[in-house]
Every structure is written in C-alpha cells, then in structure tokens.
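Visitor: As input, take model_1.pdb (PDB, C-alpha atoms):
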```pdb
ATOM      1  CA  MET A   1       9.700 -17.687  12.828
ATOM      2  CA  LYS A   2       9.763 -15.072  15.548
ATOM      3  CA  ILE A   3      11.114 -11.895  14.001
ATOM      4  CA  LEU A   4      11.979  -8.583  15.633
ATOM      5  CA  VAL A   5      11.147  -5.571  13.473
ATOM      6  CA  THR A   6      12.524  -2.271  14.714
ATOM      7  CA  GLY A   7      10.833   0.872  13.444
ATOM      8  CA  ALA A   8       7.591  -1.113  13.199
ATOM      9  CA  ALA A   9       5.514   2.080  12.952
ATOM     10  CA  GLY A  10       7.696   3.344  10.115
ATOM     11  CA  PHE A  11       6.912   3.266   6.411
ATOM     12  CA  ILE A  12       9.031   0.235   5.536
ATOM     13  CA  GLY A  13       8.907  -1.489   8.936
ATOM     14  CA  SER A  14       5.105  -1.556   9.140
ATOM     15  CA  ASN A  15       4.736  -2.957   5.628
ATOM     16  CA  VAL A  16       7.381  -5.623   6.196
ATOM     17  CA  SER A  17       5.688  -6.566   9.473
ATOM     18  CA  ARG A  18       2.336  -6.974   7.714
ATOM     19  CA  VAL A  19       3.736  -9.320   5.068
ATOM     20  CA  LEU A  20       5.570 -11.393   7.674
ATOM     21  CA  LEU A  21       2.386 -11.687   9.730
ATOM     22  CA  GLU A  22       0.306 -12.574   6.677
ATOM     23  CA  ARG A  23       2.570 -15.504   5.894
ATOM     24  CA  GLY A  24       2.404 -16.817   9.455
ATOM     25  CA  ASP A  25       5.457 -15.432  11.249
ATOM     26  CA  GLU A  26       5.335 -13.983  14.751
ATOM     27  CA  VAL A  27       6.486 -10.350  14.868
ATOM     28  CA  VAL A  28       7.717  -8.325  17.818
ATOM     29  CA  GLY A  29       7.665  -4.691  16.715
ATOM     30  CA  ILE A  30       9.337  -1.791  18.487
ATOM     31  CA  ASP A  31       9.234   1.939  17.765
ATOM     32  CA  ASN A  32       9.836   5.075  19.834
ATOM     33  CA  LEU A  33       7.043   6.955  17.984
ATOM     34  CA  ASN A  34       9.090  10.154  17.887
ATOM     35  CA  ASP A  35       7.694  13.364  16.431
ATOM     36  CA  TYR A  36      10.168  13.858  13.582
ATOM     37  CA  TYR A  37       7.010  13.814  11.477
ATOM     38  CA  GLU A  38       3.326  13.444  12.347
ATOM     39  CA  VAL A  39       2.863  10.725  14.979
ATOM     40  CA  GLN A  40      -0.713  10.034  13.866
ATOM     41  CA  LEU A  41       0.551   8.574  10.588
ATOM     42  CA  LYS A  42       2.749   6.168  12.567
ATOM     43  CA  LEU A  43      -0.202   5.175  14.755
ATOM     44  CA  ASP A  44      -2.344   4.605  11.661
ATOM     45  CA  ARG A  45       0.332   2.337  10.204
ATOM     46  CA  LEU A  46       0.288   0.333  13.428
ATOM     47  CA  LYS A  47      -3.497  -0.020  13.116
ATOM     48  CA  THR A  48      -2.958  -2.008   9.924
ATOM     49  CA  ILE A  49      -1.085  -4.731  11.814
ATOM     50  CA  GLU A  50      -2.112  -4.539  15.479
ATOM     51  CA  ASP A  51      -5.069  -6.928  15.105
ATOM     52  CA  TYR A  52      -2.853  -9.883  14.176
ATOM     53  CA  ASP A  53      -2.654 -12.337  17.099
ATOM     54  CA  ARG A  54       1.017 -12.938  16.374
ATOM     55  CA  PHE A  55       1.970  -9.264  16.617
ATOM     56  CA  THR A  56       3.383  -7.687  19.775
ATOM     57  CA  PHE A  57       4.156  -3.975  19.866
ATOM     58  CA  ILE A  58       6.479  -2.391  22.415
ATOM     59  CA  LYS A  59       7.090   1.347  22.550
ATOM     60  CA  MET A  60      10.842   1.583  23.000
ATOM     61  CA  ASP A  61      13.860   3.651  22.059
ATOM     62  CA  MET A  62      16.733   1.579  20.699
ATOM     63  CA  SER A  63      19.244   3.867  22.374
ATOM     64  CA  ASP A  64      17.978   2.583  25.748
ATOM     65  CA  ARG A  65      20.514  -0.158  26.361
ATOM     66  CA  ASP A  66      18.732  -1.743  29.316
ATOM     67  CA  ALA A  67      15.399  -1.853  27.486
ATOM     68  CA  VAL A  68      16.914  -3.508  24.410
ATOM     69  CA  GLU A  69      18.765  -6.042  26.557
ATOM     70  CA  LYS A  70      15.513  -6.897  28.348
ATOM     71  CA  LEU A  71      13.708  -7.219  25.023
ATOM     72  CA  PHE A  72      16.113  -9.846  23.732
ATOM     73  CA  LYS A  73      16.079 -11.742  27.033
ATOM     74  CA  GLU A  74      12.274 -11.893  27.234
ATOM     75  CA  HIS A  75      11.602 -12.830  23.602
ATOM     76  CA  ASP A  76      13.089 -15.775  21.759
ATOM     77  CA  ILE A  77      14.035 -13.725  18.689
ATOM     78  CA  GLN A  78      15.216 -15.802  15.732
ATOM     79  CA  ARG A  79      15.755 -13.086  13.136
ATOM     80  CA  VAL A  80      15.856  -9.293  13.120
ATOM     81  CA  PHE A  81      14.966  -6.639  10.579
ATOM     82  CA  ASN A  82      16.333  -3.308  11.792
ATOM     83  CA  SER A  83      14.529  -0.523   9.948
ATOM     84  CA  ALA A  84      14.511   1.955  12.833
ATOM     85  CA  ALA A  85      16.642   5.031  12.280
ATOM     86  CA  GLN A  86      16.600   8.765  12.512
ATOM     87  CA  ALA A  87      15.765   9.505   8.910
ATOM     88  CA  GLY A  88      16.245  12.560   6.728
ATOM     89  CA  VAL A  89      19.365  13.973   5.122
ATOM     90  CA  ARG A  90      18.641  17.666   5.740
ATOM     91  CA  TYR A  91      17.482  17.190   9.329
ATOM     92  CA  SER A  92      20.937  15.780  10.124
ATOM     93  CA  LEU A  93      22.359  19.251   9.506
ATOM     94  CA  LYS A  94      20.176  20.645  12.299
ATOM     95  CA  ASN A  95      20.055  17.832  14.848
ATOM     96  CA  PRO A  96      23.147  15.607  14.521
ATOM     97  CA  HIS A  97      22.838  14.052  17.985
ATOM     98  CA  ALA A  98      19.530  12.388  17.031
ATOM     99  CA  TYR A  99      21.408  10.430  14.355
ATOM    100  CA  VAL A 100      24.147   9.338  16.734
ATOM    101  CA  ASP A 101      21.610   8.183  19.324
ATOM    102  CA  SER A 102      19.473   6.158  16.927
ATOM    103  CA  ASN A 103      21.688   5.118  14.038
ATOM    104  CA  LEU A 104      24.860   4.407  16.020
ATOM    105  CA  VAL A 105      24.051   3.826  19.703
ATOM    106  CA  GLY A 106      20.718   2.187  18.913
ATOM    107  CA  PHE A 107      22.194  -0.068  16.250
ATOM    108  CA  VAL A 108      25.048  -1.299  18.447
ATOM    109  CA  ASN A 109      22.453  -2.166  21.099
ATOM    110  CA  ILE A 110      20.661  -4.319  18.514
ATOM    111  CA  LEU A 111      23.962  -5.926  17.511
ATOM    112  CA  GLU A 112      24.671  -6.716  21.156
ATOM    113  CA  GLY A 113      21.225  -8.249  21.534
ATOM    114  CA  CYS A 114      21.869 -10.471  18.519
ATOM    115  CA  ARG A 115      25.276 -11.420  19.872
ATOM    116  CA  HIS A 116      24.085 -12.540  23.299
ATOM    117  CA  THR A 117      20.988 -14.450  22.193
ATOM    118  CA  GLY A 118      22.192 -16.330  19.123
ATOM    119  CA  VAL A 119      20.009 -14.579  16.525
ATOM    120  CA  GLU A 120      20.155 -16.464  13.211
ATOM    121  CA  HIS A 121      20.242 -13.432  10.914
ATOM    122  CA  LEU A 122      20.232  -9.649  11.180
ATOM    123  CA  ALA A 123      18.979  -7.758   8.137
ATOM    124  CA  TYR A 124      19.175  -3.981   8.435
ATOM    125  CA  ALA A 125      18.347  -0.814   6.540
ATOM    126  CA  SER A 126      21.235   1.105   5.076
ATOM    127  CA  SER A 127      20.790   3.829   2.460
ATOM    128  CA  SER A 128      21.757   4.928  -1.029
ATOM    129  CA  SER A 129      23.017   8.069   0.728
ATOM    130  CA  VAL A 130      26.245   6.206   1.531
ATOM    131  CA  TYR A 131      27.355   6.763  -2.083
ATOM    132  CA  GLY A 132      27.773  10.443  -1.266
ATOM    133  CA  ALA A 133      30.137  12.154  -3.661
ATOM    134  CA  ASN A 134      30.310   9.144  -5.990
ATOM    135  CA  THR A 135      29.326   9.941  -9.569
ATOM    136  CA  GLN A 136      29.953   6.630 -11.352
ATOM    137  CA  MET A 137      26.548   5.256 -12.393
ATOM    138  CA  PRO A 138      24.866   2.959 -11.671
ATOM    139  CA  PHE A 139      25.894   2.807  -8.012
ATOM    140  CA  SER A 140      27.408  -0.586  -7.280
ATOM    141  CA  VAL A 141      27.884  -2.206  -3.874
ATOM    142  CA  SER A 142      31.418  -2.951  -5.048
ATOM    143  CA  HIS A 143      32.219   0.779  -5.238
ATOM    144  CA  ASN A 144      34.130   2.576  -2.504
ATOM    145  CA  VAL A 145      31.810   4.709  -0.354
ATOM    146  CA  ASP A 146      34.199   6.671   1.836
ATOM    147  CA  HIS A 147      32.995  10.175   0.934
ATOM    148  CA  PRO A 148      29.574  10.819   2.523
ATOM    149  CA  VAL A 149      28.082  14.294   2.139
ATOM    150  CA  SER A 150      25.739  14.213   5.151
ATOM    151  CA  LEU A 151      25.941  12.946   8.709
ATOM    152  CA  TYR A 152      22.945  10.717   7.961
ATOM    153  CA  ALA A 153      24.968   8.994   5.239
ATOM    154  CA  ALA A 154      27.975   8.715   7.526
ATOM    155  CA  THR A 155      25.920   6.988  10.221
ATOM    156  CA  LYS A 156      24.510   4.545   7.688
ATOM    157  CA  LYS A 157      27.979   3.653   6.420
ATOM    158  CA  SER A 158      29.099   3.314  10.046
ATOM    159  CA  GLY A 159      26.280   0.840  10.615
ATOM    160  CA  GLU A 160      27.605  -1.346   7.799
ATOM    161  CA  LEU A 161      31.076  -1.253   9.333
ATOM    162  CA  MET A 162      29.763  -2.169  12.787
ATOM    163  CA  ALA A 163      27.748  -5.028  11.309
ATOM    164  CA  HIS A 164      30.894  -6.392   9.664
ATOM    165  CA  CYS A 165      32.738  -6.289  12.974
ATOM    166  CA  TYR A 166      30.046  -8.399  14.623
ATOM    167  CA  SER A 167      29.966 -10.805  11.679
ATOM    168  CA  HIS A 168      33.745 -11.158  11.987
ATOM    169  CA  LEU A 169      34.045 -11.312  15.782
ATOM    170  CA  TYR A 170      30.920 -13.272  16.691
ATOM    171  CA  ASP A 171      29.954 -15.046  13.454
ATOM    172  CA  ILE A 172      26.602 -13.241  13.303
ATOM    173  CA  PRO A 173      25.130 -13.312   9.775
ATOM    174  CA  THR A 174      24.311  -9.726   8.773
ATOM    175  CA  THR A 175      22.859  -8.277   5.577
ATOM    176  CA  GLY A 176      22.626  -4.559   4.839
ATOM    177  CA  LEU A 177      20.155  -3.141   2.336
ATOM    178  CA  ARG A 178      20.848   0.216   0.725
ATOM    179  CA  PHE A 179      17.381   1.634   0.027
ATOM    180  CA  PHE A 180      16.758   3.955  -2.927
ATOM    181  CA  THR A 181      13.955   6.572  -2.517
ATOM    182  CA  VAL A 182      11.037   4.419  -1.388
ATOM    183  CA  TYR A 183       7.527   5.785  -2.039
ATOM    184  CA  GLY A 184       3.914   4.660  -1.858
ATOM    185  CA  PRO A 185       0.783   4.761   0.336
ATOM    186  CA  MET A 186       1.479   5.787   3.936
ATOM    187  CA  GLY A 187       4.885   7.105   2.871
ATOM    188  CA  ARG A 188       6.863   9.638   4.870
ATOM    189  CA  PRO A 189       5.452  13.187   4.669
ATOM    190  CA  ASP A 190       8.962  14.679   4.485
ATOM    191  CA  MET A 191       9.715  12.941   1.191
ATOM    192  CA  SER A 192       9.204  14.543  -2.222
ATOM    193  CA  PRO A 193       6.046  12.617  -3.285
ATOM    194  CA  SER A 194       4.136  13.837  -0.205
ATOM    195  CA  LEU A 195       5.633  17.325  -0.330
ATOM    196  CA  PHE A 196       4.675  17.731  -3.988
ATOM    197  CA  ALA A 197       1.191  16.243  -3.530
ATOM    198  CA  ASP A 198       0.483  18.407  -0.481
ATOM    199  CA  ALA A 199       1.521  21.608  -2.248
ATOM    200  CA  MET A 200      -0.312  20.863  -5.486
ATOM    201  CA  LEU A 201      -3.573  19.748  -3.839
ATOM    202  CA  ASN A 202      -3.543  22.880  -1.676
ATOM    203  CA  GLY A 203      -2.766  25.220  -4.567
ATOM    204  CA  ARG A 204       0.770  26.085  -3.460
ATOM    205  CA  PRO A 205       3.934  26.100  -5.590
ATOM    206  CA  ILE A 206       6.473  23.306  -5.271
ATOM    207  CA  ASN A 207      10.175  23.812  -4.672
ATOM    208  CA  VAL A 208      12.281  22.175  -7.375
ATOM    209  CA  PHE A 209      15.894  21.865  -6.280
ATOM    210  CA  ASN A 210      18.973  22.060  -8.494
ATOM    211  CA  GLU A 211      16.762  23.661 -11.168
ATOM    212  CA  GLY A 212      15.131  20.249 -11.680
ATOM    213  CA  LYS A 213      18.379  18.639 -12.822
ATOM    214  CA  MET A 214      18.056  15.676 -10.467
ATOM    215  CA  MET A 215      17.601  11.963 -10.982
ATOM    216  CA  ARG A 216      16.300   9.398  -8.482
ATOM    217  CA  ASP A 217      15.817   5.631  -8.448
ATOM    218  CA  PHE A 218      12.237   5.765  -7.120
ATOM    219  CA  THR A 219      11.137   2.371  -5.762
ATOM    220  CA  TYR A 220       7.568   1.398  -4.893
ATOM    221  CA  ILE A 221       6.953   0.111  -1.372
ATOM    222  CA  ASP A 222       5.492  -3.286  -2.389
ATOM    223  CA  ASP A 223       8.601  -4.052  -4.422
ATOM    224  CA  ILE A 224      10.831  -3.036  -1.524
ATOM    225  CA  VAL A 225       8.945  -5.266   0.925
ATOM    226  CA  GLU A 226       9.209  -8.260  -1.386
ATOM    227  CA  GLY A 227      12.971  -7.793  -1.541
ATOM    228  CA  VAL A 228      13.332  -7.295   2.217
ATOM    229  CA  VAL A 229      11.398 -10.443   3.087
ATOM    230  CA  ARG A 230      13.467 -12.489   0.657
ATOM    231  CA  VAL A 231      16.636 -11.134   2.271
ATOM    232  CA  ILE A 232      15.408 -11.940   5.798
ATOM    233  CA  ASP A 233      14.980 -15.529   4.602
ATOM    234  CA  LYS A 234      18.422 -15.637   2.944
ATOM    235  CA  ILE A 235      20.933 -15.966   5.793
ATOM    236  CA  ALA A 236      24.251 -14.322   4.928
ATOM    237  CA  THR A 237      27.188 -16.687   4.484
ATOM    238  CA  PRO A 238      30.939 -16.174   4.021
ATOM    239  CA  ASP A 239      32.037 -15.504   0.451
ATOM    240  CA  GLU A 240      34.166 -18.456  -0.618
ATOM    241  CA  ASN A 241      35.708 -16.333  -3.372
ATOM    242  CA  TYR A 242      36.574 -13.363  -1.179
ATOM    243  CA  ASP A 243      39.997 -11.975  -2.094
ATOM    244  CA  SER A 244      41.686 -10.086   0.748
ATOM    245  CA  ASP A 245      44.221  -8.644  -1.715
ATOM    246  CA  ASN A 246      41.403  -7.117  -3.741
ATOM    247  CA  PRO A 247      38.493  -6.822  -1.279
ATOM    248  CA  ASP A 248      34.905  -6.294  -2.404
ATOM    249  CA  PRO A 249      33.148  -4.027   0.140
ATOM    250  CA  SER A 250      29.844  -5.887  -0.310
ATOM    251  CA  THR A 251      31.076  -9.338   0.752
ATOM    252  CA  SER A 252      33.498 -10.847   3.235
ATOM    253  CA  TYR A 253      35.222 -13.928   4.586
ATOM    254  CA  ALA A 254      32.692 -13.398   7.414
ATOM    255  CA  PRO A 255      28.913 -13.995   7.051
ATOM    256  CA  PHE A 256      28.307 -10.448   5.809
ATOM    257  CA  ARG A 257      26.542  -9.019   2.777
ATOM    258  CA  VAL A 258      25.476  -5.583   1.503
ATOM    259  CA  TYR A 259      22.995  -5.119  -1.345
ATOM    260  CA  ASN A 260      21.389  -2.257  -3.218
ATOM    261  CA  ILE A 261      17.608  -2.477  -3.241
ATOM    262  CA  GLY A 262      16.098  -0.106  -5.772
ATOM    263  CA  ASN A 263      14.130   0.097  -8.987
ATOM    264  CA  ASN A 264      17.204  -0.076 -11.244
ATOM    265  CA  GLU A 265      15.539   2.552 -13.444
ATOM    266  CA  PRO A 266      16.275   6.150 -12.451
ATOM    267  CA  VAL A 267      13.797   8.897 -13.318
ATOM    268  CA  GLN A 268      14.481  12.547 -14.052
ATOM    269  CA  LEU A 269      12.921  14.800 -11.411
ATOM    270  CA  MET A 270      10.882  16.736 -13.971
ATOM    271  CA  GLU A 271       9.426  13.481 -15.322
ATOM    272  CA  PHE A 272       8.574  12.461 -11.767
ATOM    273  CA  ILE A 273       6.742  15.761 -11.222
ATOM    274  CA  GLU A 274       4.868  15.327 -14.522
ATOM    275  CA  THR A 275       3.733  11.870 -13.388
ATOM    276  CA  ILE A 276       2.323  13.368 -10.176
ATOM    277  CA  GLU A 277       0.656  16.154 -12.192
ATOM    278  CA  ASP A 278      -1.021  13.547 -14.417
ATOM    279  CA  ALA A 279      -2.231  11.553 -11.408
ATOM    280  CA  ILE A 280      -3.673  14.632  -9.677
ATOM    281  CA  GLY A 281      -4.965  16.256 -12.848
ATOM    282  CA  CYS A 282      -3.332  19.663 -12.557
ATOM    283  CA  LYS A 283      -0.085  21.421 -13.326
ATOM    284  CA  ALA A 284       2.274  22.427 -10.550
ATOM    285  CA  GLU A 285       3.576  25.936 -10.134
ATOM    286  CA  LYS A 286       7.329  25.419  -9.841
ATOM    287  CA  VAL A 287       9.873  27.475  -7.928
ATOM    288  CA  MET A 288      13.309  26.646  -9.260
ATOM    289  CA  MET A 289      15.940  26.564  -6.520
ATOM    290  CA  GLY A 290      19.589  25.683  -6.058
ATOM    291  CA  MET A 291      21.119  22.511  -4.698
ATOM    292  CA  GLN A 292      20.562  21.740  -1.019
ATOM    293  CA  ASP A 293      23.396  21.002   1.378
ATOM    294  CA  GLY A 294      23.902  17.285   1.937
ATOM    295  CA  ASP A 295      21.975  16.294  -1.201
ATOM    296  CA  VAL A 296      23.237  14.501  -4.310
ATOM    297  CA  VAL A 297      22.329  15.056  -7.959
ATOM    298  CA  ALA A 298      21.538  11.478  -8.915
ATOM    299  CA  THR A 299      20.969   7.965  -7.575
ATOM    300  CA  TYR A 300      20.828   4.803  -9.679
ATOM    301  CA  ALA A 301      20.925   1.307  -8.203
ATOM    302  CA  ASN A 302      22.787  -1.637  -9.661
ATOM    303  CA  ILE A 303      20.830  -4.557  -8.173
ATOM    304  CA  ASP A 304      22.572  -7.431  -9.970
ATOM    305  CA  SER A 305      23.939  -9.017  -6.801
ATOM    306  CA  LEU A 306      20.564  -8.868  -5.038
ATOM    307  CA  TYR A 307      18.868 -10.487  -8.027
ATOM    308  CA  GLU A 308      21.501 -13.205  -8.074
ATOM    309  CA  ALA A 309      21.068 -13.835  -4.339
ATOM    310  CA  VAL A 310      17.277 -13.762  -3.934
ATOM    311  CA  GLY A 311      15.734 -13.180  -7.364
ATOM    312  CA  PHE A 312      14.531  -9.676  -6.502
ATOM    313  CA  LYS A 313      13.280  -7.671  -9.463
ATOM    314  CA  PRO A 314      10.959  -4.655  -9.032
ATOM    315  CA  GLU A 315       7.786  -4.760 -11.137
ATOM    316  CA  THR A 316       5.815  -1.571 -10.363
ATOM    317  CA  THR A 317       5.972   1.161 -12.988
ATOM    318  CA  LEU A 318       6.272   4.770 -11.883
ATOM    319  CA  LYS A 319       2.838   5.561 -13.371
ATOM    320  CA  ASP A 320       1.138   2.749 -11.452
ATOM    321  CA  GLY A 321       3.006   3.461  -8.222
ATOM    322  CA  ILE A 322       2.292   7.182  -8.268
ATOM    323  CA  GLY A 323      -1.329   6.495  -9.158
ATOM    324  CA  LYS A 324      -1.751   4.296  -6.081
ATOM    325  CA  PHE A 325       0.079   6.804  -3.907
ATOM    326  CA  ILE A 326      -2.039   9.784  -5.005
ATOM    327  CA  ALA A 327      -5.272   7.800  -4.565
ATOM    328  CA  TRP A 328      -4.239   6.968  -0.987
ATOM    329  CA  TYR A 329      -3.054  10.522  -0.301
ATOM    330  CA  LYS A 330      -6.356  12.074  -1.372
ATOM    331  CA  GLU A 331      -8.364   9.655   0.752
ATOM    332  CA  TYR A 332      -6.139   9.862   3.827
ATOM    333  CA  TYR A 333      -5.921  13.663   3.894
ATOM    334  CA  GLY A 334      -9.516  14.288   2.793
ATOM    335  CA  PHE A 335      -9.186  15.585  -0.752
ATOM    336  CA  SER A 336     -12.141  14.831  -3.023
TER     337      SER A 336
END
```
Starting from the coordinates I provided, produce the structure as structure tokens.

Guide:
Amino acid sequence: MKILVTGAAGFIGSNVSRVLLERGDEVVGIDNLNDYYEVQLKLDRLKTIEDYDRFTFIKMDMSDRDAVEKLFKEHDIQRVFNSAAQAGVRYSLKNPHAYVDSNLVGFVNILEGCRHTGVEHLAYASSSSVYGANTQMPFSVSHNVDHPVSLYAATKKSGELMAHCYSHLYDIPTTGLRFFTVYGPMGRPDMSPSLFADAMLNGRPINVFNEGKMMRDFTYIDDIVEGVVRVIDKIATPDENYDSDNPDPSTSYAPFRVYNIGNNEPVQLMEFIETIEDAIGCKAEKVMMGMQDGDVVATYANIDSLYEAVGFKPETTLKDGIGKFIAWYKEYYGFS
C-alpha cells in the first residue's frame, strides 16, 4: 500500500514508518521539523528510514492548507496514519496557538485530503489525556471524556469529534488511538524517562511531582508500533449493534472507532524511578514537588476492545523496556 505518515520524524511516526517500509509498503512521510525539542533527534530518526527506496520525505506543516491539498493530489494515498501534533501537556499552557494550528487546523486539512481523494482508512493519534478529570479506573473508551484539564487534551478530543463528522458525512473510515505514555529508544526528551535519565547521568536531582503519588500506563514503543500497524490494516466499519438511545462514544453507526492503546498495567511513579535507577546503576536525588497544572494523577488503559479488534497485547516488561531505553540513551548522548 501507499501510506501517508504525518509526523514521520516523530517518535511514534518514524517507528511506524520503518515497520511499514520493512514489510513492503510505500511511505510518504511529512513533518515540519519544528524546534519544540531538539531537531537533531528528529533528523536522526529520519536517518533510520531515509535509505528505503519506497520512502519519500516532504518537509511540510499540516496547517498549510494549500501544501496538504497538493500533497494528496500528487500522491495516490491509500491509507493515512496521522501522528503529527503539537505535543506536551504543560507547553499548551504557554503556547496555546501552536496546538490550534497543528492539532485542529492541521488535522482538518488531513481530513479534507482524505475526503477529496477517497482514502481507504485514516488512523490517527489521540491521547490518554482526553480522560482529564476522570478517576474511574481503568480508563475505558466507553467512558465520557467531556472534562479535559489541558488545552492539549481538549484538542485531542476535538480531533476525535471532527473525525466522527467526516465518517458520518463522507463515509470515511476513521480510527483514533488514545496513546498511554510511550517510551523507548529515540523517545521524546521532554518526557519523564529522558528527563530522569539526563538528570541522573549528569549528577543532578530529579523533580518528582505530586510527592511521587502518580501512576502511569507506560508502554514500550515496539508494542505501540505493533498495535498501530494492525489498526492501519483494520479498516473501521459501522457498528451493527450501535444503540442511539444509549450511545457508546467509541463506536458509531458510521465507520468510526476509538481505542485505547497502552500497556494495561499501570506502574507507580516511584517504582518507575527505581527501575531507571537499577538500569543506570545509581540512586537518584529526589526533589519532591506538588502537582503540575494540566496533569493527572493516574492513567490506566482498558484495551479490551483493541484486543478484540486486532489482537493487540503488549509484551515488553518495564524492566526490559527501560533497560533498552537506558542503553540507547547512554550511547546516543555519549555516556560510558
């Protein structure tokens, strides 16, 4: 197939692109290579896939309507994986317009491209952040998610709503994936694994928010990619059992689906830190801090519906995943 991957220089997008290329698909990758975090890491991710003959990279901003329209006209795109987004919960408190431009304007441009060129299936990245103020665990895609606590979360929920509109109006199959704290080699430097590793390897203390009373559904990148590729292959269809008197937010009478994609095994933050300490071989000096604005105490993914649909089941243990991440981190950043 010929598949468009947006955010192809990103953590998830580059890894998904590599697996698609390895199995024989043709990939058109786009990315604006912004400087939200170090651009060199994005360029190094691209180096892992740029030598494939079936890979085409185009530097592009999804919020550029004319550029996206031209992209779809010039390439016979069959399926799309939209992983491009302005990421980061806390950054949305400082720079809200970046989230509107990328996560809303950019996404509707992709939807329009799919609409006008007959794309078979649009799979897109949503986020566990949409659960916001919800406290019922584990988070289920059947739960109401109308109380976001960050603009980032609000834009991700808005993306799901826009996707449903296009599934309803234009019969475009769409599938949203709510990611839960993805980590691994070449991961984002603004995420806790990199922040902790950087501080510990450089002899600095780490900031531990909410006094360490946090819980996250950490999911290793290889597991995530396996699930994403299976979803790309599984074209969304209308739910024959959809009940409009008692609607399930994750399905529809239209070809629309939303799934959680996580490890289904949440880890206490202090246990996560201990696992990094064991992998590095030193203890971290911890600075206990309060809760951050826009953050949530816990995430925990119910992935039953995703398993039923595509057989996705994560296999990487936290110990193994962190071990691989720390080994990469030391090599990439020059720690002996």

Visitor: At what distance in Å, to one decimal, does atom CA of Ile261 of chain A lie from atom CA of Ile224 of chain A?

Guide: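 Between these atoms lies a distance of 7.0 Å.
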
Visitor: Report as a list in words the full result of the PyMOL selection byres ((chain A and resi 48-64) around 6) when it is applied to this structure.

Guide: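 Those residues are Arg18, Glu26, Val27, Val28, Gly29, Ile30, Asp31, Asn32, Arg45, Leu46, Lys47, Arg65, Asp66, Ala67, Asp101, Ser102, Val105 and Gly106 of chain A.
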
Visitor: Write out, as JSON lines, each residue of segment 29-109 of chain A that has an atom at most 9 Å from segment 141-160 of chain A, together with the closest pair of atoms and their distance in Å to one decimal, counting all atoms listed in the file, rows going by chain and rising number.

Guide:
```
{"residue": "A:Gln86", "atom": "CA", "partner": "A:Tyr152", "partner_atom": "CA", "distance": 8.0}
{"residue": "A:Ala87", "atom": "CA", "partner": "A:Tyr152", "partner_atom": "CA", "distance": 7.3}
{"residue": "A:Gly88", "atom": "CA", "partner": "A:Tyr152", "partner_atom": "CA", "distance": 7.1}
{"residue": "A:Val89", "atom": "CA", "partner": "A:Tyr152", "partner_atom": "CA", "distance": 5.6}
{"residue": "A:Arg90", "atom": "CA", "partner": "A:Ser150", "partner_atom": "CA", "distance": 7.9}
{"residue": "A:Tyr91", "atom": "CA", "partner": "A:Tyr152", "partner_atom": "CA", "distance": 8.6}
{"residue": "A:Ser92", "atom": "CA", "partner": "A:Tyr152", "partner_atom": "CA", "distance": 5.9}
{"residue": "A:Leu93", "atom": "CA", "partner": "A:Leu151", "partner_atom": "CA", "distance": 7.3}
{"residue": "A:Pro96", "atom": "CA", "partner": "A:Leu151", "partner_atom": "CA", "distance": 7.0}
{"residue": "A:Tyr99", "atom": "CA", "partner": "A:Tyr152", "partner_atom": "CA", "distance": 6.6}
{"residue": "A:Val100", "atom": "CA", "partner": "A:Thr155", "partner_atom": "CA", "distance": 7.1}
{"residue": "A:Asn103", "atom": "CA", "partner": "A:Thr155", "partner_atom": "CA", "distance": 6.0}
{"residue": "A:Leu104", "atom": "CA", "partner": "A:Thr155", "partner_atom": "CA", "distance": 6.4}
{"residue": "A:Phe107", "atom": "CA", "partner": "A:Gly159", "partner_atom": "CA", "distance": 7.0}
{"residue": "A:Val108", "atom": "CA", "partner": "A:Gly159", "partner_atom": "CA", "distance": 8.2}
```

Visitor: May I ask which of the residues A:Tyr131, A:Phe325, A:Tyr124, A:Tyr253 is the closest one to Leu169 of chain A, counting only C-alpha atoms?

Guide: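 Smallest distance to Leu169 of chain A is found for A:Tyr253.
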
Visitor: Evaluate the PyMOL selection byres ((chain A and resi 196) around 12) and record the selected residues as a PyMOL selection string, following the chain and residue labels used in the document.

Guide: chain A and resi 189-195+197-208+269-270+272-277+279-280+282-287+322+325-326+329
